[in-house]
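Written out below as structure tokens is the structure these notes cover.
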Amino acid sequence: MKERDKLVEYFRDQMKKDPDMASAVAAIRTLLEFLKRDKGETILGLRESLTSATDCLTGVDSSVAVSSGGELFLRFISLTSLEHQDLSRCKKVMEERGELFLEKISMSRTKVAKLCHTFIKDGAKILTHSYSRVVLRVLEKAAAEKKRFSVYVTESQPDAAGQHMAEALRKLNVPVTVVLDAAVGYVLEKVDLVIVGAEGVVESGGIINKIGTYQMALCSKAHNKPFYVVAESFKFVRLYPLNQQDVPDKFKYKADTLKTAKNLSEEHPIIDYTPPSLITLLFTDLGVLTPSAVSDELIKLYL
Amino acid sequence: MADSGVIDGPGRKDEIERAKSEGKDLTKEEKQRLRKEKKQQKKIKEKKDDKASQENEKEKKPVTSAAPASQPPTQPTVQKAPSAVPATAPVSVPASEASVPADKPTKTKAELKAERRARQEAERASKQTKKGETGQQAATSKPKAPPSDLQPVVKRLPEHIQVDNPDVLKKLAKKLERQQTPEHYAAKKIPLRSDYGYKVSLFSHLHQYSRKAPLTQQLSIPSTVIHPAIVRLGLQYSHGIVAGSNARSVALLHAFKQVIRDYTTPQNEELSRDLVNKLKPYISFLNQCRPLSASMGNAIKYIKKEISNIPSNCKEDEAKNKLLNCIESYINEKIILAGVAIAKCAIEKQKISDGDVILVYGCSSLVNHILCKAFEKNRKFRVIVVDSRPRLEGKEALRRLVQKGISCTYVLISAVSYILPEVSKVFLGAHALLANGYVMSRVGTSQIALVAKAFNVPVLVCCETYKFCDRVQTDSFVSNELDDPDDLIVTRKGTTPLEGWENESSLGLLNLVYDVTPPDFVDLVITELGMIPCTSVPVVLRVKNVDQ
């Protein structure tokens with residue numbers, strides 16, 4: 001149990017050190033540290049302990065990205081031929097691959113920003129939802145390219161994350177307006193395109209994101225405005241929800257709520273599922289994908 | 001008309017020899033002409049043998065002889081195929097007569113076309129007589145030009161779906177002839193099953209057979225060309241005793257196992273080549289009894305590949321054992337274990353949860369298996385079984401599910417929009433998954449998917465990967481199967497309204513078997529490789545090809 005607590009502490013430290021880092025990256029750093037400290041004797045035991053560590057971290061931060069990042073990390077390091085006789089050499093190989101993985105994903109946000117900023121034309125009006133660091137990076141890059149655009153951000157209750165986003169954008173000298181969540185339909189006729197981040201990208205090509213995204217996607221479909229999603233590739237997860245109800249409860253509610261609440265149906269979910277038919281394009285570090293190509297990429301990643 | 005060919009023959013030959021001697025290369029047309037000539041001369045020889053029966057046929061069919069001059073070369077061959085068979089059994093004569101009224105409606109269209117062509121040929125003939133060619137030759141090359149309007153766009157359709165093209169029928173008859181071994185007489189070849197009844201014009205390119213005229217009646221006894229297990233299988237297919245794509249594939253593979261067990265390599269022959277040649281007439285025979293499904297096609301491809309991969313130094317017993325094991329493992333892996341994996345995936349990933357109301361259509365062995373397994377794992381759900389005429393396969397599904405103890409409701413397909421608001425998920429089986437993501441399944445499936453989409457109910461298709469095929473199809477017309485139209489006739493309260501339907505010239509009965517569902521209506525496909533969206537079928541096909 002002490003190990004668990006150490007792990008959780010390390011994770012929280014990482015999150016505090018760099019608030020700009022995605023929670024999944026922090027989780028992967030933690031797992032790498034755990035791997036280095038692990039004193040297991042077998043590869044299978046190592047894998048099992050890593051899986052349980054991921055579960056433990058999901059208990060702290062119940063976002064989809066943490067679980068998907070953990071699973072992908074595990075797959076990446078164990079994808080090599082682990083046929084060395086010596087366990088320590090195997091572990092060394094795994095650690096090297098883990099560092100490599102970490103390096104790759106720290107570059108992913110820059111790659112996404114490079115791909116996406118060209119879709120923002122001069123004079124564009126953009127609508128976005130809640131606080132997403134990837135979207136922020138994209139808008140930073142676009143601003144650096146001397147493009148003039150203005151942004152509408154939804155307030156995104158219950159945590160008012162949209163205000164946070166608005167502040168960050170004001171620092172970049174981008175004209176920004178905060179709108180109510182209920183005003184999305186009202187403001188869409190003024191808007192040229194919609195860009196949102198994602199907490200998880202599912203097998204069907206749909207996304208899981210902060211509650212309110214599904215509404216925004218439906219309205220933009222009705223208004224024929226393009227709906228773009230920006231996400232790093234470690235957010236691809238092996239879920240296949242058919243509708244809102246099908247998303248597992250462990251992702252829908254915050255970790256603390258899951259532990260303390262008596263009746264989950266009285267709680268408010270913090271995420272929702274947007275089906276692929278409403279998404280125009282996904283920008284990932286693997287390239288610009290249509291929703292049906294996501295399954296292709298997932299097959300390559302996981303099989 | 002046919003005799004004129006003999007007279008003109010030597011004249012044309014001289015011209016060609018002149019052209020050769022002059023050092024000119026034979027043009028494409030002249031080469032075609034040469035080929036046609038050789039064929040005609042062969043036909044004339046054979047005609048002289050059957051002349052007596054031919055004259056009888058010609059008297060019976062004054063209509064067809066009225067068709068203009070452009071059709072004579074094709075006419076005698078269409079008559080020849082059924083005329084060769086009467087030597088073996090009298091049953092085929094009424095069958096061939098039955099095919100005449102079928103030809104009638106298509107001939108009227110073709111007659112107009114032929115008249116136009118005749119005019120064109122006359123003009124060409126006058127031009128060509130200047131060059132020294134006769135109109136007759138132009139006429140023989142003409143029937144190749146499209147009777148089917150699709151020809152300029154599509155290069156070559158497979159033979160079995162061009163029933164209204166007499167050339168293709170001729171080719172098919174020849175192919176069946178050639179599949180006999182040389183020492184057998186013509187009497188022992190595989191007979192060509194003839195179509196029955198009036199075909200609706202949109203589907204006239206497909207075969208429509210009657211269950212009352214099974215192919216086996218035209219086989220001589222003993223039939224040494226076709227193995228008895230295959231004859232039995234063919235009968236089971238054509239009478240619908242073995243139905244459903246998994247059942248048909250498994251039955252086919254078991255029959256092939258029997259064939260391989262009874263097989264002995266003849267002298268101076270290699271097992272890997274001879275066995276494949278032995279299987280070809282069996283496959284043609286089964287295709288005539290009931291058109292092969294995509295899953296059967298894939299299974300046959302696999303077997304042929306395994307047979308041809310047998311090294312030549314392998315002893316016969318070893319080789320046979322190896323093949324039997326291959327077939328056994330194919331059935332086990334691709335069908336049985338795949339079904340288990342799919343059920344596991346569906347249940348573990350919470351696709352069947354407590355309180356679900358699941359709609360199923362017809363009788364899919366895989367869907368029934370999944371539901372039974374889910375019930376064993378104590379999931380609380382109820383099932384709505386949708387059924388349709390004339391097959392009423394839903395009754396079988398209902399029986400199996402109720403036996404397990406699952407609570408079921410039974411409706412006909414006309415009530416599906418009434419019942420759909422209650423439904424939480426739709427589970428469909430598939431006959432084949434096409435390369436562009438379309439799902440080919442029992443007729444009525446696309447209707448259910450459409451209505452489910454309109455009600456926002458998720459549609460799940462369950463399909464093993466051995467049913468994935470490389471074909472691309474966007475509609476249900478191009479390639480389908482027509483069942484016996486007499487199945488649609490029903491007797492209620494002592495009256496049979498459709499009783500004399502063959503006598504009504506403007507009435508056609510259409511009994512379609514399959515239809516095609518676009519991928520936008522399907523939310524999820526569950527295969528043994530996992531859950532994939534419908535648009536990812538080509539990815540799976542690509543991965544499979546890489547594996548092989």
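Note on naming: chains are A, B, ... as they come in the structure tokens, residues start from 1 per chain, ligands start from 1 in the order shown.
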
- [ ] Residues of chain B near chain A: apply a cut-off of 10 Å, count only C-alpha atoms, and supply the list as a count of residues only.
- [x] 26

Open item on the list: I'd like the neighbourhood of B:Leu420 as a VMD selection string, where a residue qualifies if any of its atoms comes within 9 Å (using only C-alpha atoms), though same-chain residues fewer than 4 positions away should be ignored.
Closed with: chain B and resid 359 415 to 416 424 451 to 452 455 457

Selection export as a PDB file, in the first residue's frame, atoms kept: N, CA, C and O atoms:
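So again-v5.pdb came out as:
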```
ATOM      1  N   LEU B 359     -33.553  -6.548 -30.572  1.00  0.00           N
ATOM      2  CA  LEU B 359     -34.333  -6.954 -31.733  1.00  0.00           C
ATOM      3  C   LEU B 359     -33.447  -7.790 -32.645  1.00  0.00           C
ATOM      4  O   LEU B 359     -32.321  -7.400 -32.942  1.00  0.00           O
ATOM      5  N   ALA B 415     -44.617  -4.805 -38.788  1.00  0.00           N
ATOM      6  CA  ALA B 415     -44.877  -4.122 -37.518  1.00  0.00           C
ATOM      7  C   ALA B 415     -43.626  -3.524 -36.916  1.00  0.00           C
ATOM      8  O   ALA B 415     -43.632  -3.105 -35.758  1.00  0.00           O
ATOM      9  N   VAL B 416     -42.544  -3.475 -37.690  1.00  0.00           N
ATOM     10  CA  VAL B 416     -41.278  -3.105 -37.061  1.00  0.00           C
ATOM     11  C   VAL B 416     -41.249  -1.648 -36.597  1.00  0.00           C
ATOM     12  O   VAL B 416     -40.658  -1.331 -35.568  1.00  0.00           O
ATOM     13  N   SER B 424     -33.871  -1.294 -27.502  1.00  0.00           N
ATOM     14  CA  SER B 424     -32.658  -0.557 -27.164  1.00  0.00           C
ATOM     15  C   SER B 424     -31.505  -0.890 -28.102  1.00  0.00           C
ATOM     16  O   SER B 424     -30.600  -0.088 -28.277  1.00  0.00           O
ATOM     17  N   VAL B 451     -35.044   1.672 -40.541  1.00  0.00           N
ATOM     18  CA  VAL B 451     -36.024   2.128 -39.553  1.00  0.00           C
ATOM     19  C   VAL B 451     -35.348   2.337 -38.202  1.00  0.00           C
ATOM     20  O   VAL B 451     -35.642   3.292 -37.478  1.00  0.00           O
ATOM     21  N   ALA B 452     -34.396   1.464 -37.862  1.00  0.00           N
ATOM     22  CA  ALA B 452     -33.681   1.622 -36.590  1.00  0.00           C
ATOM     23  C   ALA B 452     -32.906   2.923 -36.567  1.00  0.00           C
ATOM     24  O   ALA B 452     -32.854   3.620 -35.550  1.00  0.00           O
ATOM     25  N   PHE B 455     -35.061   5.782 -35.793  1.00  0.00           N
ATOM     26  CA  PHE B 455     -35.437   5.855 -34.392  1.00  0.00           C
ATOM     27  C   PHE B 455     -34.226   6.003 -33.484  1.00  0.00           C
ATOM     28  O   PHE B 455     -34.363   5.922 -32.263  1.00  0.00           O
ATOM     29  N   VAL B 457     -31.766   3.962 -32.903  1.00  0.00           N
ATOM     30  CA  VAL B 457     -31.450   2.752 -32.149  1.00  0.00           C
ATOM     31  C   VAL B 457     -30.157   2.178 -32.727  1.00  0.00           C
ATOM     32  O   VAL B 457     -30.041   2.022 -33.939  1.00  0.00           O
TER      33      VAL B 457
END
```

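Counting only C-alpha atoms, stretch 140-145 of chain A has the following residues at most 8 Å away, ignoring those fewer than 4 positions along the same chain: Ala113, Lys114, His117, Thr118, Ile120, Leu136, Leu172 and Val174 of chain A.
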
Write out, as a short mmCIF file (atom, residue, chain, number, x, y, z; two decimals), in the first residue's frame, the residues just selected, with all heavy atoms.
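The result, written out as selection-v6.cif:
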```
data_model
loop_
_atom_site.label_atom_id
_atom_site.label_comp_id
_atom_site.auth_asym_id
_atom_site.auth_seq_id
_atom_site.Cartn_x
_atom_site.Cartn_y
_atom_site.Cartn_z
N ALA A 113 -0.33 21.15 -33.50
CA ALA A 113 -0.48 22.58 -33.74
C ALA A 113 -0.02 22.93 -35.15
O ALA A 113 -0.66 23.72 -35.86
CB ALA A 113 0.32 23.36 -32.71
N LYS A 114 1.06 22.31 -35.57
CA LYS A 114 1.58 22.59 -36.92
C LYS A 114 0.55 22.22 -37.99
O LYS A 114 0.40 22.89 -38.99
CB LYS A 114 2.85 21.77 -37.12
CG LYS A 114 3.90 22.53 -37.93
CD LYS A 114 5.26 21.95 -37.81
CE LYS A 114 5.40 20.72 -38.68
NZ LYS A 114 6.82 20.31 -38.79
N HIS A 117 -3.01 24.72 -37.55
CA HIS A 117 -3.13 26.19 -37.64
C HIS A 117 -3.42 26.64 -39.06
O HIS A 117 -3.98 27.73 -39.26
CB HIS A 117 -1.87 26.87 -37.09
CG HIS A 117 -0.73 26.87 -38.06
ND1 HIS A 117 0.22 25.88 -38.06
CD2 HIS A 117 -0.39 27.72 -39.05
CE1 HIS A 117 1.10 26.14 -39.01
NE2 HIS A 117 0.77 27.24 -39.62
N THR A 118 -3.09 25.81 -40.06
CA THR A 118 -3.37 26.22 -41.43
C THR A 118 -4.86 26.25 -41.74
O THR A 118 -5.28 26.86 -42.71
CB THR A 118 -2.70 25.25 -42.42
OG1 THR A 118 -3.01 23.92 -42.00
CG2 THR A 118 -1.20 25.44 -42.40
N ILE A 120 -6.99 27.63 -39.90
CA ILE A 120 -7.56 28.86 -39.37
C ILE A 120 -7.20 29.98 -40.34
O ILE A 120 -6.03 30.33 -40.50
CB ILE A 120 -7.00 29.16 -37.98
CG1 ILE A 120 -7.34 28.00 -37.04
CG2 ILE A 120 -7.57 30.46 -37.44
CD1 ILE A 120 -6.73 28.12 -35.68
N LEU A 136 -5.33 25.49 -27.11
CA LEU A 136 -4.56 26.70 -26.77
C LEU A 136 -3.27 26.73 -27.57
O LEU A 136 -2.89 27.77 -28.13
CB LEU A 136 -4.26 26.68 -25.27
CG LEU A 136 -3.87 27.99 -24.63
CD1 LEU A 136 -4.93 29.04 -24.93
CD2 LEU A 136 -3.72 27.81 -23.13
N LEU A 172 -2.52 36.27 -24.98
CA LEU A 172 -1.98 36.21 -26.34
C LEU A 172 -2.50 37.35 -27.21
O LEU A 172 -2.22 37.38 -28.41
CB LEU A 172 -2.41 34.89 -27.01
CG LEU A 172 -1.92 33.59 -26.42
CD1 LEU A 172 -2.65 32.44 -27.09
CD2 LEU A 172 -0.43 33.45 -26.65
N VAL A 174 -5.54 37.86 -28.11
CA VAL A 174 -6.58 37.40 -29.03
C VAL A 174 -7.92 37.89 -28.48
O VAL A 174 -8.21 37.68 -27.31
CB VAL A 174 -6.59 35.86 -29.10
CG1 VAL A 174 -7.75 35.36 -29.94
CG2 VAL A 174 -5.27 35.36 -29.67
#
```

- [ ] Name the residues in contact with B:Arg261 at a cut-off of 9 Å, using only C-alpha atoms, excluding same-chain residues fewer than 4 positions from it; report them as a PyMOL selection string.
- [x] chain B and resi 256-257+320-321+324
